[in-house]
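A.B. asks: This one is structure.txt, compact mmCIF, N, CA and C atoms.
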```txt
# COMPACT_ATOMS: atom_id res chain seq x y z
N MET P 1 -13.06 45.34 17.22
CA MET P 1 -12.90 43.95 17.58
C MET P 1 -12.05 43.27 16.50
N SER P 2 -10.97 42.68 16.87
CA SER P 2 -10.09 42.04 15.90
C SER P 2 -10.23 40.52 15.98
N VAL P 3 -9.96 39.88 14.84
CA VAL P 3 -10.02 38.42 14.75
C VAL P 3 -8.69 37.88 15.23
N PRO P 4 -8.73 36.94 16.16
CA PRO P 4 -7.46 36.40 16.67
C PRO P 4 -6.73 35.62 15.58
N LYS P 5 -5.41 35.70 15.56
CA LYS P 5 -4.59 34.96 14.59
C LYS P 5 -4.53 33.49 15.00
N ARG P 6 -4.42 32.64 13.98
CA ARG P 6 -4.30 31.20 14.26
C ARG P 6 -2.90 30.91 14.77
N GLN P 7 -2.84 29.99 15.67
CA GLN P 7 -1.57 29.56 16.22
C GLN P 7 -1.24 28.19 15.63
N GLY P 8 -0.36 28.12 14.66
CA GLY P 8 0.07 26.84 14.08
C GLY P 8 -0.95 26.28 13.10
N PRO P 9 -0.62 25.14 12.51
CA PRO P 9 -1.53 24.54 11.52
C PRO P 9 -2.79 23.99 12.17
N VAL P 10 -3.89 24.13 11.47
CA VAL P 10 -5.17 23.62 11.94
C VAL P 10 -5.37 22.24 11.34
N ASN P 11 -5.66 21.26 12.15
CA ASN P 11 -5.81 19.89 11.66
C ASN P 11 -7.24 19.39 11.85
N TYR P 12 -8.22 20.26 11.63
CA TYR P 12 -9.61 19.88 11.72
C TYR P 12 -10.42 20.76 10.77
N GLY P 13 -11.63 20.30 10.44
CA GLY P 13 -12.52 21.09 9.58
C GLY P 13 -11.97 21.28 8.19
N SER P 14 -12.40 22.38 7.54
CA SER P 14 -12.00 22.64 6.16
C SER P 14 -10.56 23.13 6.06
N HIS P 15 -9.93 23.46 7.18
CA HIS P 15 -8.56 23.95 7.18
C HIS P 15 -7.57 22.86 7.59
N ARG P 16 -8.00 21.62 7.47
CA ARG P 16 -7.17 20.50 7.87
C ARG P 16 -5.93 20.41 6.99
N THR P 17 -4.79 20.18 7.58
CA THR P 17 -3.55 20.00 6.84
C THR P 17 -3.49 18.55 6.35
N VAL P 18 -3.50 18.40 5.03
CA VAL P 18 -3.51 17.07 4.44
C VAL P 18 -2.08 16.66 4.12
N VAL P 19 -1.69 15.52 4.62
CA VAL P 19 -0.35 15.00 4.37
C VAL P 19 -0.45 13.57 3.90
N GLY P 20 0.63 13.01 3.42
CA GLY P 20 0.64 11.61 3.01
C GLY P 20 0.67 11.48 1.51
N ALA P 21 0.50 10.25 1.06
CA ALA P 21 0.64 9.95 -0.36
C ALA P 21 -0.65 10.13 -1.14
N HIS P 22 -1.78 10.32 -0.48
CA HIS P 22 -3.08 10.55 -1.13
C HIS P 22 -3.50 9.39 -2.02
N TYR P 23 -3.24 8.19 -1.64
CA TYR P 23 -3.61 7.05 -2.46
C TYR P 23 -4.63 6.15 -1.80
N GLY P 24 -5.27 6.61 -0.77
CA GLY P 24 -6.24 5.78 -0.07
C GLY P 24 -7.45 5.41 -0.90
N MET P 25 -8.02 6.37 -1.62
CA MET P 25 -9.21 6.08 -2.43
C MET P 25 -8.87 5.16 -3.60
N ARG P 26 -7.73 5.40 -4.23
CA ARG P 26 -7.32 4.54 -5.35
C ARG P 26 -7.14 3.10 -4.89
N ASP P 27 -6.49 2.90 -3.76
CA ASP P 27 -6.27 1.56 -3.24
C ASP P 27 -7.57 0.91 -2.78
N TRP P 28 -8.43 1.69 -2.15
CA TRP P 28 -9.74 1.17 -1.73
C TRP P 28 -10.52 0.69 -2.95
N LEU P 29 -10.53 1.51 -4.00
CA LEU P 29 -11.26 1.15 -5.21
C LEU P 29 -10.62 -0.05 -5.90
N SER P 30 -9.29 -0.10 -5.94
CA SER P 30 -8.63 -1.24 -6.59
C SER P 30 -8.93 -2.54 -5.85
N GLN P 31 -9.03 -2.48 -4.52
CA GLN P 31 -9.39 -3.68 -3.75
C GLN P 31 -10.78 -4.16 -4.15
N ARG P 32 -11.71 -3.23 -4.31
CA ARG P 32 -13.09 -3.63 -4.66
C ARG P 32 -13.17 -4.16 -6.08
N VAL P 33 -12.49 -3.49 -7.02
CA VAL P 33 -12.53 -3.92 -8.42
C VAL P 33 -11.89 -5.30 -8.58
N THR P 34 -10.74 -5.52 -7.95
CA THR P 34 -10.09 -6.83 -8.07
C THR P 34 -10.92 -7.91 -7.38
N ALA P 35 -11.60 -7.58 -6.29
CA ALA P 35 -12.46 -8.56 -5.62
C ALA P 35 -13.63 -8.95 -6.53
N VAL P 36 -14.22 -7.98 -7.22
CA VAL P 36 -15.32 -8.28 -8.15
C VAL P 36 -14.80 -9.13 -9.30
N LEU P 37 -13.62 -8.80 -9.83
CA LEU P 37 -13.03 -9.59 -10.91
C LEU P 37 -12.82 -11.04 -10.48
N MET P 38 -12.29 -11.24 -9.27
CA MET P 38 -12.07 -12.60 -8.78
C MET P 38 -13.39 -13.34 -8.57
N ALA P 39 -14.41 -12.63 -8.08
CA ALA P 39 -15.71 -13.26 -7.87
C ALA P 39 -16.33 -13.68 -9.21
N LEU P 40 -16.25 -12.82 -10.21
CA LEU P 40 -16.80 -13.17 -11.53
C LEU P 40 -16.04 -14.34 -12.15
N PHE P 41 -14.74 -14.35 -11.99
CA PHE P 41 -13.94 -15.47 -12.50
C PHE P 41 -14.35 -16.78 -11.82
N THR P 42 -14.56 -16.71 -10.51
CA THR P 42 -14.99 -17.90 -9.77
C THR P 42 -16.32 -18.41 -10.31
N LEU P 43 -17.24 -17.50 -10.60
CA LEU P 43 -18.53 -17.90 -11.15
C LEU P 43 -18.38 -18.54 -12.53
N VAL P 44 -17.51 -17.96 -13.38
CA VAL P 44 -17.28 -18.52 -14.72
C VAL P 44 -16.74 -19.95 -14.61
N VAL P 45 -15.76 -20.16 -13.76
CA VAL P 45 -15.19 -21.50 -13.59
C VAL P 45 -16.22 -22.44 -12.99
N LEU P 46 -16.97 -21.97 -12.01
CA LEU P 46 -17.98 -22.81 -11.38
C LEU P 46 -19.05 -23.25 -12.37
N VAL P 47 -19.51 -22.33 -13.22
CA VAL P 47 -20.51 -22.68 -14.24
C VAL P 47 -19.93 -23.72 -15.20
N GLN P 48 -18.68 -23.54 -15.61
CA GLN P 48 -18.09 -24.51 -16.53
C GLN P 48 -17.95 -25.88 -15.87
N VAL P 49 -17.60 -25.91 -14.60
CA VAL P 49 -17.47 -27.19 -13.89
C VAL P 49 -18.83 -27.84 -13.71
N LEU P 50 -19.84 -27.06 -13.36
CA LEU P 50 -21.17 -27.63 -13.13
C LEU P 50 -21.81 -28.18 -14.40
N PHE P 51 -21.49 -27.56 -15.55
CA PHE P 51 -22.09 -28.02 -16.79
C PHE P 51 -21.20 -29.00 -17.56
N THR P 52 -20.17 -29.49 -16.91
CA THR P 52 -19.33 -30.53 -17.51
C THR P 52 -19.92 -31.88 -17.15
N ARG P 53 -20.11 -32.69 -18.16
CA ARG P 53 -20.70 -34.02 -17.92
C ARG P 53 -19.62 -35.02 -17.54
N GLY P 54 -19.99 -35.91 -16.67
CA GLY P 54 -19.08 -36.97 -16.27
C GLY P 54 -18.08 -36.51 -15.22
N PRO P 55 -17.24 -37.45 -14.82
CA PRO P 55 -16.24 -37.10 -13.81
C PRO P 55 -15.23 -36.10 -14.37
N ILE P 56 -14.79 -35.23 -13.50
CA ILE P 56 -13.83 -34.20 -13.93
C ILE P 56 -12.43 -34.68 -13.58
N GLY P 57 -11.73 -35.07 -14.62
CA GLY P 57 -10.34 -35.48 -14.47
C GLY P 57 -9.43 -34.39 -15.01
N TYR P 58 -8.17 -34.73 -15.16
CA TYR P 58 -7.20 -33.76 -15.64
C TYR P 58 -7.55 -33.24 -17.02
N ASP P 59 -8.00 -34.13 -17.91
CA ASP P 59 -8.30 -33.72 -19.29
C ASP P 59 -9.40 -32.67 -19.35
N LYS P 60 -10.47 -32.88 -18.60
CA LYS P 60 -11.56 -31.91 -18.61
C LYS P 60 -11.15 -30.61 -17.92
N TRP P 61 -10.41 -30.73 -16.83
CA TRP P 61 -9.96 -29.53 -16.13
C TRP P 61 -9.02 -28.72 -17.02
N ALA P 62 -8.10 -29.41 -17.69
CA ALA P 62 -7.19 -28.72 -18.61
C ALA P 62 -7.96 -28.14 -19.79
N GLY P 63 -9.03 -28.82 -20.21
CA GLY P 63 -9.85 -28.33 -21.31
C GLY P 63 -10.54 -27.01 -20.98
N ILE P 64 -10.92 -26.83 -19.71
CA ILE P 64 -11.55 -25.58 -19.30
C ILE P 64 -10.59 -24.41 -19.51
N PHE P 65 -9.31 -24.62 -19.23
CA PHE P 65 -8.33 -23.55 -19.32
C PHE P 65 -7.56 -23.55 -20.64
N ALA P 66 -7.93 -24.40 -21.60
CA ALA P 66 -7.20 -24.49 -22.86
C ALA P 66 -7.54 -23.36 -23.82
N ALA P 67 -8.74 -22.85 -23.77
CA ALA P 67 -9.15 -21.78 -24.70
C ALA P 67 -8.35 -20.50 -24.41
N GLN P 68 -8.01 -19.79 -25.50
CA GLN P 68 -7.19 -18.59 -25.33
C GLN P 68 -7.89 -17.52 -24.49
N TRP P 69 -9.22 -17.36 -24.65
CA TRP P 69 -9.94 -16.36 -23.88
C TRP P 69 -9.89 -16.68 -22.39
N MET P 70 -9.90 -17.98 -22.06
CA MET P 70 -9.84 -18.37 -20.66
C MET P 70 -8.45 -18.13 -20.09
N LYS P 71 -7.43 -18.35 -20.90
CA LYS P 71 -6.07 -18.06 -20.45
C LYS P 71 -5.89 -16.56 -20.18
N VAL P 72 -6.41 -15.74 -21.07
CA VAL P 72 -6.31 -14.29 -20.89
C VAL P 72 -7.10 -13.86 -19.65
N LEU P 73 -8.30 -14.39 -19.48
CA LEU P 73 -9.10 -14.07 -18.30
C LEU P 73 -8.39 -14.52 -17.02
N THR P 74 -7.83 -15.72 -17.06
CA THR P 74 -7.11 -16.24 -15.88
C THR P 74 -5.89 -15.38 -15.58
N PHE P 75 -5.16 -14.97 -16.61
CA PHE P 75 -4.01 -14.09 -16.41
C PHE P 75 -4.44 -12.76 -15.79
N SER P 76 -5.56 -12.21 -16.27
CA SER P 76 -6.08 -10.95 -15.70
C SER P 76 -6.44 -11.12 -14.23
N VAL P 77 -7.03 -12.25 -13.90
CA VAL P 77 -7.38 -12.52 -12.50
C VAL P 77 -6.13 -12.69 -11.65
N ILE P 78 -5.12 -13.36 -12.20
CA ILE P 78 -3.86 -13.52 -11.46
C ILE P 78 -3.24 -12.15 -11.19
N ALA P 79 -3.21 -11.30 -12.21
CA ALA P 79 -2.67 -9.95 -12.02
C ALA P 79 -3.49 -9.17 -10.99
N GLY P 80 -4.82 -9.28 -11.06
CA GLY P 80 -5.68 -8.62 -10.08
C GLY P 80 -5.47 -9.16 -8.68
N LEU P 81 -5.30 -10.47 -8.58
CA LEU P 81 -5.06 -11.09 -7.27
C LEU P 81 -3.74 -10.61 -6.67
N LEU P 82 -2.70 -10.55 -7.51
CA LEU P 82 -1.41 -10.09 -7.02
C LEU P 82 -1.48 -8.64 -6.54
N TRP P 83 -2.19 -7.79 -7.28
CA TRP P 83 -2.34 -6.40 -6.85
C TRP P 83 -3.16 -6.32 -5.56
N HIS P 84 -4.22 -7.11 -5.48
CA HIS P 84 -5.08 -7.16 -4.30
C HIS P 84 -4.26 -7.55 -3.06
N VAL P 85 -3.43 -8.57 -3.21
CA VAL P 85 -2.59 -9.03 -2.10
C VAL P 85 -1.58 -7.96 -1.72
N TRP P 86 -0.94 -7.33 -2.73
CA TRP P 86 0.06 -6.32 -2.44
C TRP P 86 -0.54 -5.15 -1.65
N VAL P 87 -1.68 -4.64 -2.10
CA VAL P 87 -2.30 -3.51 -1.40
C VAL P 87 -2.65 -3.91 0.03
N GLY P 88 -3.21 -5.08 0.21
CA GLY P 88 -3.57 -5.53 1.56
C GLY P 88 -2.37 -5.73 2.45
N MET P 89 -1.34 -6.39 1.94
CA MET P 89 -0.15 -6.63 2.75
C MET P 89 0.59 -5.33 3.06
N ARG P 90 0.67 -4.45 2.09
CA ARG P 90 1.33 -3.17 2.33
C ARG P 90 0.61 -2.38 3.42
N ASP P 91 -0.72 -2.38 3.36
CA ASP P 91 -1.48 -1.67 4.40
C ASP P 91 -1.29 -2.29 5.77
N VAL P 92 -1.30 -3.61 5.84
CA VAL P 92 -1.09 -4.29 7.12
C VAL P 92 0.31 -3.97 7.67
N LEU P 93 1.31 -4.04 6.80
CA LEU P 93 2.67 -3.75 7.25
C LEU P 93 2.82 -2.29 7.68
N MET P 94 2.19 -1.37 6.95
CA MET P 94 2.29 0.04 7.33
C MET P 94 1.57 0.31 8.66
N ASP P 95 0.50 -0.42 8.91
CA ASP P 95 -0.27 -0.19 10.13
C ASP P 95 0.36 -0.83 11.36
N TYR P 96 0.98 -2.00 11.21
CA TYR P 96 1.38 -2.77 12.38
C TYR P 96 2.88 -2.94 12.58
N VAL P 97 3.69 -2.67 11.56
CA VAL P 97 5.14 -2.81 11.71
C VAL P 97 5.72 -1.40 11.77
N LYS P 98 6.08 -0.97 12.96
CA LYS P 98 6.53 0.41 13.15
C LYS P 98 8.00 0.66 12.81
N PRO P 99 8.93 -0.25 13.10
CA PRO P 99 10.32 0.01 12.71
C PRO P 99 10.44 0.07 11.18
N VAL P 100 10.93 1.20 10.67
CA VAL P 100 10.94 1.43 9.23
C VAL P 100 11.78 0.39 8.48
N PHE P 101 12.94 0.06 9.01
CA PHE P 101 13.81 -0.91 8.33
C PHE P 101 13.13 -2.28 8.23
N LEU P 102 12.53 -2.74 9.32
CA LEU P 102 11.84 -4.03 9.31
C LEU P 102 10.67 -4.02 8.33
N ARG P 103 9.91 -2.91 8.32
CA ARG P 103 8.78 -2.79 7.39
C ARG P 103 9.28 -2.85 5.95
N LEU P 104 10.38 -2.16 5.65
CA LEU P 104 10.94 -2.17 4.30
C LEU P 104 11.39 -3.57 3.90
N VAL P 105 12.06 -4.27 4.80
CA VAL P 105 12.50 -5.63 4.52
C VAL P 105 11.30 -6.53 4.23
N LEU P 106 10.26 -6.42 5.05
CA LEU P 106 9.06 -7.25 4.84
C LEU P 106 8.36 -6.89 3.53
N GLN P 107 8.31 -5.61 3.19
CA GLN P 107 7.68 -5.21 1.93
C GLN P 107 8.47 -5.74 0.73
N VAL P 108 9.78 -5.70 0.81
CA VAL P 108 10.61 -6.26 -0.28
C VAL P 108 10.37 -7.77 -0.37
N PHE P 109 10.29 -8.44 0.78
CA PHE P 109 10.01 -9.88 0.77
C PHE P 109 8.67 -10.17 0.10
N VAL P 110 7.65 -9.39 0.42
CA VAL P 110 6.32 -9.59 -0.19
C VAL P 110 6.39 -9.37 -1.70
N ILE P 111 7.11 -8.35 -2.14
CA ILE P 111 7.24 -8.09 -3.58
C ILE P 111 7.94 -9.25 -4.27
N VAL P 112 9.03 -9.73 -3.69
CA VAL P 112 9.76 -10.86 -4.29
C VAL P 112 8.88 -12.10 -4.31
N TRP P 113 8.18 -12.36 -3.23
CA TRP P 113 7.29 -13.52 -3.15
C TRP P 113 6.19 -13.43 -4.21
N LEU P 114 5.55 -12.29 -4.33
CA LEU P 114 4.47 -12.13 -5.31
C LEU P 114 5.00 -12.22 -6.74
N THR P 115 6.19 -11.72 -6.99
CA THR P 115 6.79 -11.84 -8.32
C THR P 115 7.04 -13.32 -8.65
N GLY P 116 7.54 -14.06 -7.67
CA GLY P 116 7.73 -15.49 -7.87
C GLY P 116 6.42 -16.22 -8.12
N CYS P 117 5.39 -15.86 -7.37
CA CYS P 117 4.07 -16.47 -7.57
C CYS P 117 3.53 -16.15 -8.96
N ALA P 118 3.75 -14.92 -9.42
CA ALA P 118 3.29 -14.53 -10.76
C ALA P 118 3.99 -15.35 -11.83
N GLY P 119 5.30 -15.50 -11.69
CA GLY P 119 6.05 -16.31 -12.66
C GLY P 119 5.59 -17.76 -12.68
N TRP P 120 5.39 -18.32 -11.50
CA TRP P 120 4.93 -19.70 -11.41
C TRP P 120 3.53 -19.85 -12.01
N ALA P 121 2.64 -18.91 -11.72
CA ALA P 121 1.28 -18.99 -12.24
C ALA P 121 1.26 -18.88 -13.76
N ILE P 122 2.08 -18.01 -14.31
CA ILE P 122 2.15 -17.87 -15.77
C ILE P 122 2.71 -19.15 -16.39
N GLN P 123 3.72 -19.72 -15.76
CA GLN P 123 4.28 -20.96 -16.28
C GLN P 123 3.23 -22.07 -16.28
N VAL P 124 2.50 -22.19 -15.19
CA VAL P 124 1.46 -23.23 -15.11
C VAL P 124 0.36 -22.97 -16.13
N LEU P 125 -0.04 -21.72 -16.27
CA LEU P 125 -1.15 -21.37 -17.15
C LEU P 125 -0.82 -21.65 -18.61
N TRP P 126 0.35 -21.29 -19.06
CA TRP P 126 0.66 -21.46 -20.48
C TRP P 126 1.30 -22.82 -20.78
N ARG P 127 1.47 -23.65 -19.78
CA ARG P 127 1.91 -25.01 -20.00
C ARG P 127 0.72 -25.92 -20.32
N VAL P 128 -0.47 -25.48 -19.91
CA VAL P 128 -1.69 -26.30 -20.10
C VAL P 128 -1.95 -26.47 -21.57
```
For this file, write the structure as C-alpha cells.
C.D. replies:
Amino acid sequence: MSVPKRQGPVNYGSHRTVVGAHYGMRDWLSQRVTAVLMALFTLVVLVQVLFTRGPIGYDKWAGIFAAQWMKVLTFSVIAGLLWHVWVGMRDVLMDYVKPVFLRLVLQVFVIVWLTGCAGWAIQVLWRV
C-alpha cells in the first residue's frame, strides 16, 4: 500500500503555506500598547484637571503641560497615537481599497498627513 503524493501546496493544517509580511501580531500588539498608553495619559491629565482648584483658564492648562516630564509624556503619546492611526488606516486601506495604485496614493496621503500632524503637535507642545 503506497501513500498518495500531494497535489500542489496544502493550505490547511500544519502544512499550510504561509505567505505575506508576517506582521499581524506585531501590529495587533502595537495597537493594544498604544491604546493603553493613551488611556493612561488621559487618566493623568484628568487627575491633574480634577485636582486643580478654581476655574481652568489658559494659565492653568498651560501649567499642566509646562513641566518637562509632562512634555516628554505628551510627546510619547503623540508618537503612539500617530503609530496607532497609521496601523489602523493602513489595515483599512489594505482591506477595502483593491486597486493598488489608489491604495498607494491614499497610503502616501495618510503618511504626509500624519507627518504634518506630528510637526504641528510638536510645535504646539514646545511653544507652551
A.B. asks: Which residues are near range 89-94 of chain P? Cut-off 8 Å, all atoms listed in the file, ignore same chain within fewer than 6 positions. Put them as an MDAnalysis selection string.
C.D. replies: chainID P and resid 83 103:104 106:107 110
A.B. asks: Could you save those same residues with N, CA and C atoms as a PDB file, keeping the file's coordinate frame?
C.D. replies:
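File result-v7.pdb, as written:
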```pdb
ATOM      1  N   TRP P  83      -2.190  -7.790  -7.280  1.00  0.00           N
ATOM      2  CA  TRP P  83      -2.340  -6.400  -6.850  1.00  0.00           C
ATOM      3  C   TRP P  83      -3.160  -6.320  -5.560  1.00  0.00           C
ATOM      4  N   ARG P 103       9.910  -2.910   8.320  1.00  0.00           N
ATOM      5  CA  ARG P 103       8.780  -2.790   7.390  1.00  0.00           C
ATOM      6  C   ARG P 103       9.280  -2.850   5.950  1.00  0.00           C
ATOM      7  N   LEU P 104      10.380  -2.160   5.650  1.00  0.00           N
ATOM      8  CA  LEU P 104      10.940  -2.170   4.300  1.00  0.00           C
ATOM      9  C   LEU P 104      11.390  -3.570   3.900  1.00  0.00           C
ATOM     10  N   LEU P 106      10.260  -6.420   5.050  1.00  0.00           N
ATOM     11  CA  LEU P 106       9.060  -7.250   4.840  1.00  0.00           C
ATOM     12  C   LEU P 106       8.360  -6.890   3.530  1.00  0.00           C
ATOM     13  N   GLN P 107       8.310  -5.610   3.190  1.00  0.00           N
ATOM     14  CA  GLN P 107       7.680  -5.210   1.930  1.00  0.00           C
ATOM     15  C   GLN P 107       8.470  -5.740   0.730  1.00  0.00           C
ATOM     16  N   VAL P 110       7.650  -9.390   0.420  1.00  0.00           N
ATOM     17  CA  VAL P 110       6.320  -9.590  -0.190  1.00  0.00           C
ATOM     18  C   VAL P 110       6.390  -9.370  -1.700  1.00  0.00           C
TER      19      VAL P 110
END
```
A.B. asks: What is the distance, in Å and to one decimal place, between atom N of Ala35 in chain P and atom N of Val85 in chain P?
C.D. replies: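 So the answer is 8.8 Å.
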A.B. asks: Could you tell me how far CA of Trp86 in chain P lies from CA of Met25 in chain P, in Å and to one decimal?
C.D. replies: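 Interatomic distance here is 15.5 Å.
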A.B. asks: Just to confirm, what's the straight-line distance from CA of Val33 in chain P to atom C of Lys71 in chain P in Å (one decimal)?
C.D. replies: 18.5 Å
A.B. asks: Could you please write out, as a ChimeraX atom specification, every residue of chain P that DSSP assigns to helix (DSSP H, G or I)?
C.D. replies: /P:13-15,24-50,58-64,68-96,100-127
A.B. asks: Which is closer to Asp27 in chain P than all the others in P:Leu40, P:Ala118, P:Val87, P:Met70, using only C-alpha atoms?
C.D. replies: P:Val87
